[in-house]
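**Q** Once you've had a glance at the structure underneath, I'll fire off some questions.
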Amino acid sequence: MFNISKRKLSLAALLSITLVLGTLSNAFSGEPKTPQIQSYGDDMMALKQKSAVKQALRHIAEHDQKTIDDMIILSEIPAPPFKEQKRAAKFAQMLRDLGLSDVTIDNEGNVLARRKGRNSAHTVAIVAHLDTVFPEGTDVRVKIDGNLYTAPGIGDNARGLAVITAMVRALKAAAIKTDGDILFVGSVGEEGLGDLRGVKYLLREGGPGIDSFIGIDGGNNRLVYGAVGSYRYRVTFHGPGGHSWGAFGTVNPHHALGRAMEKMAVGGVDIYATGPKVSISVGRIGGGTSINSIPFESWMEVDMRSATVRKLDEMDRMFKQAVMTALNEENAARSEGPPLTVEIANIGLRPAGKGDVKSALVQRAMAAMSLMGTTPELAVSSTDANIAISRGMPAITMSRGGLNKASHSLHESWQNTDGHIAIQSVLLTVLAEAGIL
Ligand SMILES: [Zn+2]
């Protein structure tokens, strides 16, 4: 479309490129305008009229404070990446206290609680992640100001876990019996470098046999039906290092890194300018010891994302080519010392998946949300549902309700703006999916 490799770009040209890209990315992130299929709305209406279901929905509204108490208790137990054990133990205990007998913690650290159905022909998993992004030692005490709750991890995803306890409580109070099983899950490793290790284990061959997957994460009226996949790498250039003057001519790892980044930025344009949305970003760089030393190493962390596997793979090939070309160029430019080497380590892989808004599960969730008076905002995102969506399994991620602000920051807050409605929507979706007489 346009040739970025021309070194001289006028400001006007740059602005127009920005505008064009802006327009394109909007066009591609725009959600499909798929109408809700009427029959799912009718079925959902009939389901909501059942007296036991009415009772369960009412229970959720009336026990709103109990849900919030659970959220606070869980939020105040630190759950740093790879250290979710204490929160997992408490969550398991809460589910046992609510009357579930089949509660276990699997080998990866996920909490699993199975609520048996009449025939167990079908298993619907409801999954909220246990982990937060916050390191050990973070102050996780919850500050309360009216209906505003402030603490790191309060919304993301202590609230998601409390959505599960609220549902278990309501199902019990209304003595609801489903056809299929419901498997409640507190998952590990959703955030950061956890790389979805919890759900990857959960959905392994020979695992608990899940047929539909409903994640609970994210706020507002978001309904995630597609999976934004990501590839993550740590690239490290290694050289002998030396004095900036005395050893000049020796390979310079930083210079190679700079060359690689320039090639990625330029090479990426042709890929993201057309077709489905795809991104590439260098998030962190480092290395070097002093201003007058040629560094012995230089590293960067790279994150690429797309909901379309083909685009992600295209970006991936371009990225690896850029690194290898940069290596060769830097080596060709050296006049003394050994050559530079490079290491490309994969530090994350979340598979992408298109999802299908016309599928029964997505339609049921849309119908449930509409019936509860909310407008579903269809979205593609990167959540615990990625693995299931990428395999073509019925899978979505539904909102935990309320208003979540500044998630992943120390001043994260969650506001209870009719938060119970989201739980009611999830419950209806689960009951429609699991089946109820
Ligand atoms: Zn989350």
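By order in the structure tokens, chains are A, B, ...; within a chain, residues start at 1; ligands start at 1, following the order shown.
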Around ligand 1, at most 7 Å away and counting only C-alpha atoms and all ligand atoms, which residues are there? Put them as a list in words, please.
**A**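 With only C-alpha atoms and all ligand atoms and a cut-off of 7 Å, ligand 1 is contacted by His129, Asp156, Asn157, Glu191, Asp217 and Gly218 of chain A.
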**Q** With N, CA, C and O atoms retained, could you export that selection as a PDB file, in the first residue's frame?
**A**
```
ATOM      1  N   HIS A 129     -10.185 -17.340  36.894  1.00  0.00           N
ATOM      2  CA  HIS A 129      -8.777 -17.544  37.265  1.00  0.00           C
ATOM      3  C   HIS A 129      -8.477 -17.086  38.688  1.00  0.00           C
ATOM      4  O   HIS A 129      -9.020 -16.094  39.170  1.00  0.00           O
ATOM      5  N   ASP A 156     -10.313  -8.215  38.983  1.00  0.00           N
ATOM      6  CA  ASP A 156      -9.618  -9.182  38.121  1.00  0.00           C
ATOM      7  C   ASP A 156      -8.738 -10.098  38.959  1.00  0.00           C
ATOM      8  O   ASP A 156      -7.579  -9.793  39.164  1.00  0.00           O
ATOM      9  N   ASN A 157      -9.185 -11.212  39.529  1.00  0.00           N
ATOM     10  CA  ASN A 157     -10.447 -11.789  39.186  1.00  0.00           C
ATOM     11  C   ASN A 157     -11.108 -12.369  40.451  1.00  0.00           C
ATOM     12  O   ASN A 157     -11.798 -13.368  40.380  1.00  0.00           O
ATOM     13  N   GLU A 191      -2.699 -15.138  34.016  1.00  0.00           N
ATOM     14  CA  GLU A 191      -2.044 -13.835  33.829  1.00  0.00           C
ATOM     15  C   GLU A 191      -0.576 -13.977  33.410  1.00  0.00           C
ATOM     16  O   GLU A 191       0.070 -14.986  33.702  1.00  0.00           O
ATOM     17  N   ASP A 217     -14.523 -13.448  33.331  1.00  0.00           N
ATOM     18  CA  ASP A 217     -13.416 -12.487  33.382  1.00  0.00           C
ATOM     19  C   ASP A 217     -13.855 -11.247  32.601  1.00  0.00           C
ATOM     20  O   ASP A 217     -14.674 -11.347  31.703  1.00  0.00           O
ATOM     21  N   GLY A 218     -13.315 -10.102  32.952  1.00  0.00           N
ATOM     22  CA  GLY A 218     -13.675  -8.872  32.235  1.00  0.00           C
ATOM     23  C   GLY A 218     -14.978  -8.297  32.755  1.00  0.00           C
ATOM     24  O   GLY A 218     -15.797  -9.015  33.330  1.00  0.00           O
TER      25      GLY A 218
END
```
**Q** Name the residues in contact with range 366-377 of chain A at a cut-off of 12 Å, using only C-alpha atoms, excluding same-chain residues fewer than 5 positions from it; report them as a PyMOL selection string.
**A** chain A and resi 30-49+57+218-225+357-361+396-399+401+418-433
**Q** As a ChimeraX atom specification, please: all residues of range 94-271 of chain A that backbone DSSP puts in strand (DSSP E).
**A** /A:102-105,111-115,123-129,143-145,148-150,181-187,212-216,222-227,229-238,242-243
**Q** Keeping only N, CA and C atoms, write those residues as a compact mmCIF listing (two decimals), in the first residue's frame.
**A**
```txt
# COMPACT_ATOMS: atom_id res chain seq x y z
N ASP A 102 -17.60 -33.13 45.62
CA ASP A 102 -16.52 -33.56 44.74
C ASP A 102 -15.61 -32.36 44.40
N VAL A 103 -14.78 -31.97 45.36
CA VAL A 103 -13.90 -30.81 45.17
C VAL A 103 -12.45 -31.28 45.28
N THR A 104 -11.66 -31.00 44.24
CA THR A 104 -10.26 -31.43 44.24
C THR A 104 -9.36 -30.32 43.71
N ILE A 105 -8.07 -30.48 43.97
CA ILE A 105 -7.08 -29.59 43.35
C ILE A 105 -6.20 -30.48 42.48
N VAL A 111 -8.50 -25.59 40.98
CA VAL A 111 -9.55 -26.12 41.85
C VAL A 111 -10.69 -26.61 40.96
N LEU A 112 -11.12 -27.86 41.16
CA LEU A 112 -12.22 -28.42 40.37
C LEU A 112 -13.33 -28.87 41.30
N ALA A 113 -14.55 -28.44 41.02
CA ALA A 113 -15.69 -28.87 41.83
C ALA A 113 -16.80 -29.30 40.88
N ARG A 114 -17.14 -30.57 40.92
CA ARG A 114 -18.15 -31.08 40.00
C ARG A 114 -19.52 -31.15 40.68
N ARG A 115 -20.50 -30.54 40.04
CA ARG A 115 -21.88 -30.64 40.51
C ARG A 115 -22.59 -31.57 39.54
N THR A 123 -20.69 -32.01 30.08
CA THR A 123 -20.10 -31.25 31.19
C THR A 123 -19.83 -29.81 30.75
N VAL A 124 -20.41 -28.89 31.51
CA VAL A 124 -20.20 -27.46 31.25
C VAL A 124 -19.23 -26.94 32.30
N ALA A 125 -18.11 -26.40 31.86
CA ALA A 125 -17.14 -25.85 32.82
C ALA A 125 -17.32 -24.35 32.97
N ILE A 126 -17.31 -23.88 34.22
CA ILE A 126 -17.36 -22.43 34.51
C ILE A 126 -16.02 -22.11 35.16
N VAL A 127 -15.26 -21.26 34.50
CA VAL A 127 -13.86 -21.08 34.91
C VAL A 127 -13.53 -19.63 35.24
N ALA A 128 -13.01 -19.39 36.44
CA ALA A 128 -12.50 -18.06 36.80
C ALA A 128 -11.06 -18.24 37.27
N HIS A 129 -10.19 -17.34 36.89
CA HIS A 129 -8.78 -17.54 37.27
C HIS A 129 -8.48 -17.09 38.69
N LYS A 143 -10.00 -1.73 50.49
CA LYS A 143 -10.56 -0.51 51.06
C LYS A 143 -11.99 -0.36 50.53
N ILE A 144 -12.90 -0.08 51.46
CA ILE A 144 -14.32 0.01 51.08
C ILE A 144 -14.82 1.43 51.25
N ASP A 145 -15.45 1.96 50.22
CA ASP A 145 -16.03 3.30 50.28
C ASP A 145 -17.39 3.24 49.59
N LEU A 148 -17.82 1.08 46.43
CA LEU A 148 -16.55 1.05 45.70
C LEU A 148 -15.51 0.28 46.51
N TYR A 149 -14.93 -0.74 45.90
CA TYR A 149 -13.96 -1.60 46.57
C TYR A 149 -12.62 -1.45 45.88
N THR A 150 -11.58 -1.08 46.62
CA THR A 150 -10.29 -0.82 46.01
C THR A 150 -9.23 -1.77 46.56
N ASP A 181 -23.45 -32.31 33.81
CA ASP A 181 -22.68 -31.87 34.99
C ASP A 181 -22.24 -30.41 34.82
N ILE A 182 -22.08 -29.74 35.95
CA ILE A 182 -21.43 -28.42 35.92
C ILE A 182 -20.10 -28.59 36.66
N LEU A 183 -19.03 -28.15 36.01
CA LEU A 183 -17.71 -28.23 36.64
C LEU A 183 -17.24 -26.81 36.95
N PHE A 184 -17.19 -26.48 38.24
CA PHE A 184 -16.72 -25.15 38.65
C PHE A 184 -15.20 -25.21 38.79
N VAL A 185 -14.53 -24.22 38.20
CA VAL A 185 -13.06 -24.27 38.19
C VAL A 185 -12.45 -22.93 38.59
N GLY A 186 -11.49 -22.98 39.52
CA GLY A 186 -10.62 -21.84 39.79
C GLY A 186 -9.30 -22.20 39.11
N SER A 187 -8.94 -21.45 38.07
CA SER A 187 -7.77 -21.84 37.26
C SER A 187 -6.52 -21.09 37.67
N SER A 212 -18.41 -27.89 27.12
CA SER A 212 -18.57 -26.45 26.87
C SER A 212 -17.78 -25.71 27.93
N PHE A 213 -17.29 -24.54 27.55
CA PHE A 213 -16.39 -23.80 28.44
C PHE A 213 -16.89 -22.36 28.58
N ILE A 214 -17.13 -21.94 29.82
CA ILE A 214 -17.54 -20.56 30.06
C ILE A 214 -16.56 -19.92 31.02
N GLY A 215 -15.78 -18.99 30.53
CA GLY A 215 -14.85 -18.25 31.39
C GLY A 215 -15.57 -17.08 32.03
N ILE A 216 -15.14 -16.69 33.23
CA ILE A 216 -15.69 -15.49 33.87
C ILE A 216 -14.52 -14.53 34.07
N ARG A 222 -19.27 -7.23 28.38
CA ARG A 222 -18.45 -7.90 27.39
C ARG A 222 -18.82 -9.39 27.27
N LEU A 223 -18.88 -9.84 26.04
CA LEU A 223 -19.09 -11.27 25.77
C LEU A 223 -18.03 -11.69 24.76
N VAL A 224 -17.05 -12.44 25.24
CA VAL A 224 -15.93 -12.84 24.38
C VAL A 224 -16.27 -14.15 23.68
N TYR A 225 -16.26 -14.10 22.34
CA TYR A 225 -16.58 -15.31 21.57
C TYR A 225 -15.39 -15.78 20.72
N GLY A 226 -14.39 -14.91 20.56
CA GLY A 226 -13.22 -15.25 19.74
C GLY A 226 -11.95 -15.07 20.54
N ALA A 227 -10.92 -15.77 20.14
CA ALA A 227 -9.69 -15.76 20.93
C ALA A 227 -8.56 -15.03 20.22
N GLY A 229 -4.99 -14.69 19.86
CA GLY A 229 -3.83 -15.51 20.22
C GLY A 229 -2.61 -14.64 20.37
N SER A 230 -1.61 -15.13 21.08
CA SER A 230 -0.36 -14.37 21.17
C SER A 230 0.83 -15.30 21.14
N TYR A 231 1.88 -14.81 20.50
CA TYR A 231 3.18 -15.47 20.54
C TYR A 231 4.11 -14.50 21.26
N ARG A 232 4.88 -15.03 22.20
CA ARG A 232 5.80 -14.16 22.93
C ARG A 232 7.20 -14.74 22.90
N TYR A 233 8.17 -13.86 22.70
CA TYR A 233 9.56 -14.31 22.62
C TYR A 233 10.47 -13.42 23.43
N ARG A 234 11.54 -14.03 23.91
CA ARG A 234 12.65 -13.26 24.45
C ARG A 234 13.83 -13.52 23.53
N VAL A 235 14.33 -12.45 22.91
CA VAL A 235 15.43 -12.55 21.96
C VAL A 235 16.69 -12.03 22.65
N THR A 236 17.77 -12.82 22.64
CA THR A 236 19.01 -12.35 23.27
C THR A 236 20.18 -12.48 22.29
N PHE A 237 20.82 -11.36 22.01
CA PHE A 237 22.05 -11.37 21.21
C PHE A 237 23.24 -11.45 22.17
N HIS A 238 24.17 -12.37 21.88
CA HIS A 238 25.36 -12.53 22.73
C HIS A 238 26.62 -12.21 21.93
N GLY A 242 33.43 -5.62 25.22
CA GLY A 242 34.76 -5.00 25.14
C GLY A 242 34.69 -3.50 25.33
N HIS A 243 35.86 -2.85 25.22
CA HIS A 243 35.91 -1.39 25.41
C HIS A 243 35.35 -0.69 24.17
```
**Q** Which residue gives the smallest distance to Ser407 in chain A among A:Met318, A:Ala158, A:Ala265, A:Met94, with only C-alpha atoms counted?
**A**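 With only C-alpha atoms as the atom set, the closest residue is A:Ala158.
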**Q** Run DSSP on the backbone and grab whatever in range 287-394 of chain A lands in alpha helix (DSSP H); send it over as a ChimeraX atom specification.
**A** /A:309-332,360-371,386-390
**Q** Between CA of Ser382 in chain A and CA of His122 in chain A, measure the distance and give it in Å to one decimal.
**A**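 Interatomic distance, CA of Ser382 in chain A to CA of His122 in chain A: 25.6 Å.
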**Q** Compile the contact shell of Asn331 in chain A as a VMD selection string: residues with an atom at most 9 Å away, counting only C-alpha atoms, same-chain residues fewer than 6 positions apart removed.
**A** chain A and resid 250 to 252 256 338 to 341
**Q** Go ahead and write the selection's residues with C-alpha atoms as a PDB file, in the first residue's frame.
**A**
```pdb
ATOM      1  CA  THR A 250      33.780  -6.030  17.804  1.00  0.00           C
ATOM      2  CA  VAL A 251      30.167  -7.106  17.308  1.00  0.00           C
ATOM      3  CA  ASN A 252      27.745  -4.955  19.290  1.00  0.00           C
ATOM      4  CA  ALA A 256      22.029  -5.881  16.313  1.00  0.00           C
ATOM      5  CA  PRO A 338      34.200 -13.691  17.301  1.00  0.00           C
ATOM      6  CA  PRO A 339      30.757 -13.443  15.692  1.00  0.00           C
ATOM      7  CA  LEU A 340      27.552 -12.513  17.442  1.00  0.00           C
ATOM      8  CA  THR A 341      25.052 -15.266  18.277  1.00  0.00           C
TER       9      THR A 341
END
```
**Q** Can you work out which one of A:Lys90, A:Arg159, A:Lys172, A:Arg317 has the shortest atom-to-atom distance to His59 in chain A, counting only C-alpha atoms?
**A**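 That would be A:Lys172, the residue with the smallest distance to His59 in chain A.
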**Q** Would you mind listing what lies within 10 Å of Gly189 in chain A as a PDB file with C-alpha atoms, in the first residue's frame, with only C-alpha atoms counted and same-chain residues fewer than 6 positions away left out?
**A**
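Once everything was written out, this is result06.pdb:
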```pdb
ATOM      1  CA  PRO A  80       0.928 -14.054  42.619  1.00  0.00           C
ATOM      2  CA  PRO A  81       1.741 -15.854  39.363  1.00  0.00           C
ATOM      3  CA  PHE A  82       2.775 -19.453  40.110  1.00  0.00           C
ATOM      4  CA  LYS A  83       1.820 -18.965  43.778  1.00  0.00           C
ATOM      5  CA  GLU A  84      -1.922 -19.444  43.774  1.00  0.00           C
ATOM      6  CA  GLU A 108      -1.366 -28.064  38.000  1.00  0.00           C
ATOM      7  CA  GLY A 109      -3.082 -26.332  40.952  1.00  0.00           C
ATOM      8  CA  ASN A 110      -6.584 -25.775  39.506  1.00  0.00           C
ATOM      9  CA  HIS A 129      -8.777 -17.544  37.265  1.00  0.00           C
ATOM     10  CA  LEU A 130      -7.217 -17.581  40.732  1.00  0.00           C
ATOM     11  CA  ASP A 131      -4.009 -15.721  39.905  1.00  0.00           C
ATOM     12  CA  THR A 132      -3.282 -12.000  39.850  1.00  0.00           C
ATOM     13  CA  VAL A 133      -0.464 -10.065  38.191  1.00  0.00           C
ATOM     14  CA  ASP A 195       0.646 -18.769  29.690  1.00  0.00           C
ATOM     15  CA  LEU A 196      -2.738 -20.386  30.410  1.00  0.00           C
ATOM     16  CA  ARG A 197      -1.019 -23.354  32.030  1.00  0.00           C
ATOM     17  CA  GLY A 198      -4.120 -24.024  34.158  1.00  0.00           C
ATOM     18  CA  VAL A 199      -6.595 -24.411  31.303  1.00  0.00           C
ATOM     19  CA  LYS A 200      -4.020 -26.114  29.099  1.00  0.00           C
ATOM     20  CA  ASP A 384      -8.852 -18.580  29.626  1.00  0.00           C
TER      21      ASP A 384
END
```
**Q** Quick one: residues within 10 Å of Arg310 in chain A, only C-alpha atoms counted, chain neighbours fewer than 5 positions away excluded, as a short mmCIF file (atom, residue, chain, number, x, y, z; two decimals) with C-alpha atoms, in the first residue's frame?
**A**
```
data_model
loop_
_atom_site.label_atom_id
_atom_site.label_comp_id
_atom_site.auth_asym_id
_atom_site.auth_seq_id
_atom_site.Cartn_x
_atom_site.Cartn_y
_atom_site.Cartn_z
CA PRO A 276 -7.62 -9.10 9.90
CA VAL A 278 -2.63 -8.29 13.98
CA MET A 315 3.99 -11.89 11.61
CA ASP A 316 5.96 -14.62 13.34
CA ALA A 352 -5.93 -17.92 18.36
#
```
**Q** What's around Ser298 in chain A at 8 Å? Count only C-alpha atoms, leave out sequence neighbours fewer than 2 positions away in its own chain, and write the answer as a VMD selection string.
**A** chain A and resid 236 to 238 253 to 254 257 285 to 288 295 to 296 300
**Q** If you keep all heavy atoms, can you produce a file of those selected residues as an mmCIF file, in the first residue's frame?
**A**
```
data_model
loop_
_atom_site.group_PDB
_atom_site.id
_atom_site.type_symbol
_atom_site.label_atom_id
_atom_site.label_comp_id
_atom_site.auth_asym_id
_atom_site.auth_seq_id
_atom_site.Cartn_x
_atom_site.Cartn_y
_atom_site.Cartn_z
ATOM 1 N N THR A 236 17.766 -12.818 22.643
ATOM 2 C CA THR A 236 19.015 -12.353 23.273
ATOM 3 C C THR A 236 20.179 -12.484 22.293
ATOM 4 O O THR A 236 20.458 -13.582 21.808
ATOM 5 C CB THR A 236 19.329 -13.174 24.544
ATOM 6 O OG1 THR A 236 18.147 -13.270 25.337
ATOM 7 C CG2 THR A 236 20.425 -12.511 25.362
ATOM 8 N N PHE A 237 20.818 -11.355 22.012
ATOM 9 C CA PHE A 237 22.045 -11.368 21.207
ATOM 10 C C PHE A 237 23.236 -11.453 22.170
ATOM 11 O O PHE A 237 23.288 -10.714 23.150
ATOM 12 C CB PHE A 237 22.164 -10.082 20.385
ATOM 13 C CG PHE A 237 21.192 -9.997 19.246
ATOM 14 C CD1 PHE A 237 20.008 -9.275 19.372
ATOM 15 C CD2 PHE A 237 21.469 -10.623 18.036
ATOM 16 C CE1 PHE A 237 19.111 -9.188 18.319
ATOM 17 C CE2 PHE A 237 20.571 -10.539 16.968
ATOM 18 C CZ PHE A 237 19.393 -9.824 17.116
ATOM 19 N N HIS A 238 24.168 -12.372 21.884
ATOM 20 C CA HIS A 238 25.356 -12.525 22.729
ATOM 21 C C HIS A 238 26.618 -12.211 21.929
ATOM 22 O O HIS A 238 26.780 -12.691 20.809
ATOM 23 C CB HIS A 238 25.496 -13.978 23.215
ATOM 24 C CG HIS A 238 24.333 -14.483 23.997
ATOM 25 N ND1 HIS A 238 24.169 -14.233 25.341
ATOM 26 C CD2 HIS A 238 23.267 -15.237 23.620
ATOM 27 C CE1 HIS A 238 23.051 -14.816 25.755
ATOM 28 N NE2 HIS A 238 22.484 -15.427 24.730
ATOM 29 N N PRO A 253 25.969 -6.222 20.438
ATOM 30 C CA PRO A 253 24.619 -6.803 20.565
ATOM 31 C C PRO A 253 23.502 -5.766 20.517
ATOM 32 O O PRO A 253 22.441 -6.032 19.946
ATOM 33 C CB PRO A 253 24.657 -7.498 21.935
ATOM 34 C CG PRO A 253 26.098 -7.761 22.191
ATOM 35 C CD PRO A 253 26.840 -6.622 21.556
ATOM 36 N N HIS A 254 23.746 -4.586 21.111
ATOM 37 C CA HIS A 254 22.704 -3.548 21.064
ATOM 38 C C HIS A 254 22.450 -3.083 19.629
ATOM 39 O O HIS A 254 21.315 -2.817 19.248
ATOM 40 C CB HIS A 254 23.105 -2.332 21.905
ATOM 41 C CG HIS A 254 22.829 -2.486 23.375
ATOM 42 N ND1 HIS A 254 21.976 -3.428 23.875
ATOM 43 C CD2 HIS A 254 23.292 -1.787 24.449
ATOM 44 C CE1 HIS A 254 21.916 -3.314 25.204
ATOM 45 N NE2 HIS A 254 22.720 -2.323 25.577
ATOM 46 N N LEU A 257 20.332 -5.555 18.009
ATOM 47 C CA LEU A 257 18.952 -5.451 18.504
ATOM 48 C C LEU A 257 18.234 -4.285 17.814
ATOM 49 O O LEU A 257 17.072 -4.402 17.409
ATOM 50 C CB LEU A 257 18.945 -5.246 20.032
ATOM 51 C CG LEU A 257 17.575 -5.432 20.678
ATOM 52 C CD1 LEU A 257 17.327 -6.901 20.986
ATOM 53 C CD2 LEU A 257 17.452 -4.623 21.960
ATOM 54 N N ILE A 285 13.264 -4.023 26.784
ATOM 55 C CA ILE A 285 14.604 -4.270 26.246
ATOM 56 C C ILE A 285 15.609 -4.094 27.377
ATOM 57 O O ILE A 285 15.325 -3.431 28.380
ATOM 58 C CB ILE A 285 14.964 -3.316 25.080
ATOM 59 C CG1 ILE A 285 14.891 -1.848 25.509
ATOM 60 C CG2 ILE A 285 14.068 -3.535 23.875
ATOM 61 C CD1 ILE A 285 15.347 -0.881 24.420
ATOM 62 N N GLY A 286 16.771 -4.686 27.241
ATOM 63 C CA GLY A 286 17.764 -4.519 28.300
ATOM 64 C C GLY A 286 19.122 -5.060 27.906
ATOM 65 O O GLY A 286 19.318 -5.585 26.806
ATOM 66 N N GLY A 287 20.079 -4.919 28.834
ATOM 67 C CA GLY A 287 21.444 -5.381 28.608
ATOM 68 C C GLY A 287 22.430 -4.228 28.715
ATOM 69 O O GLY A 287 22.034 -3.065 28.785
ATOM 70 N N GLY A 288 23.709 -4.555 28.744
ATOM 71 C CA GLY A 288 24.742 -3.519 28.817
ATOM 72 C C GLY A 288 25.163 -3.208 30.228
ATOM 73 O O GLY A 288 24.380 -3.377 31.170
ATOM 74 N N PRO A 295 28.394 -3.936 24.972
ATOM 75 C CA PRO A 295 27.744 -4.931 25.840
ATOM 76 C C PRO A 295 28.013 -6.362 25.378
ATOM 77 O O PRO A 295 28.307 -6.585 24.206
ATOM 78 C CB PRO A 295 26.265 -4.601 25.718
ATOM 79 C CG PRO A 295 26.122 -3.776 24.508
ATOM 80 C CD PRO A 295 27.434 -3.125 24.213
ATOM 81 N N PHE A 296 27.925 -7.297 26.308
ATOM 82 C CA PHE A 296 28.074 -8.706 25.920
ATOM 83 C C PHE A 296 26.716 -9.347 25.648
ATOM 84 O O PHE A 296 26.628 -10.420 25.112
ATOM 85 C CB PHE A 296 28.886 -9.507 26.947
ATOM 86 C CG PHE A 296 28.333 -9.447 28.347
ATOM 87 C CD1 PHE A 296 27.324 -10.314 28.731
ATOM 88 C CD2 PHE A 296 28.825 -8.525 29.275
ATOM 89 C CE1 PHE A 296 26.793 -10.262 30.013
ATOM 90 C CE2 PHE A 296 28.286 -8.461 30.556
ATOM 91 C CZ PHE A 296 27.278 -9.323 30.925
ATOM 92 N N MET A 300 15.425 -8.400 24.184
ATOM 93 C CA MET A 300 14.108 -7.752 24.079
ATOM 94 C C MET A 300 13.018 -8.804 24.256
ATOM 95 O O MET A 300 13.246 -9.989 23.994
ATOM 96 C CB MET A 300 13.931 -7.064 22.721
ATOM 97 C CG MET A 300 13.960 -7.990 21.517
ATOM 98 S SD MET A 300 13.609 -7.078 19.988
ATOM 99 C CE MET A 300 14.199 -8.228 18.750
#
```
**Q** Please, what distance in Å, to one decimal, runs between CA of Asp313 in chain A and CA of Arg204 in chain A?
**A**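 Result for CA of Asp313 in chain A versus CA of Arg204 in chain A: 23.7 Å, one decimal.
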**Q** Quick one, how far is CA of Glu412 in chain A from CA of Tyr201 in chain A?
**A**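 Interatomic distance here is 29.3 Å.
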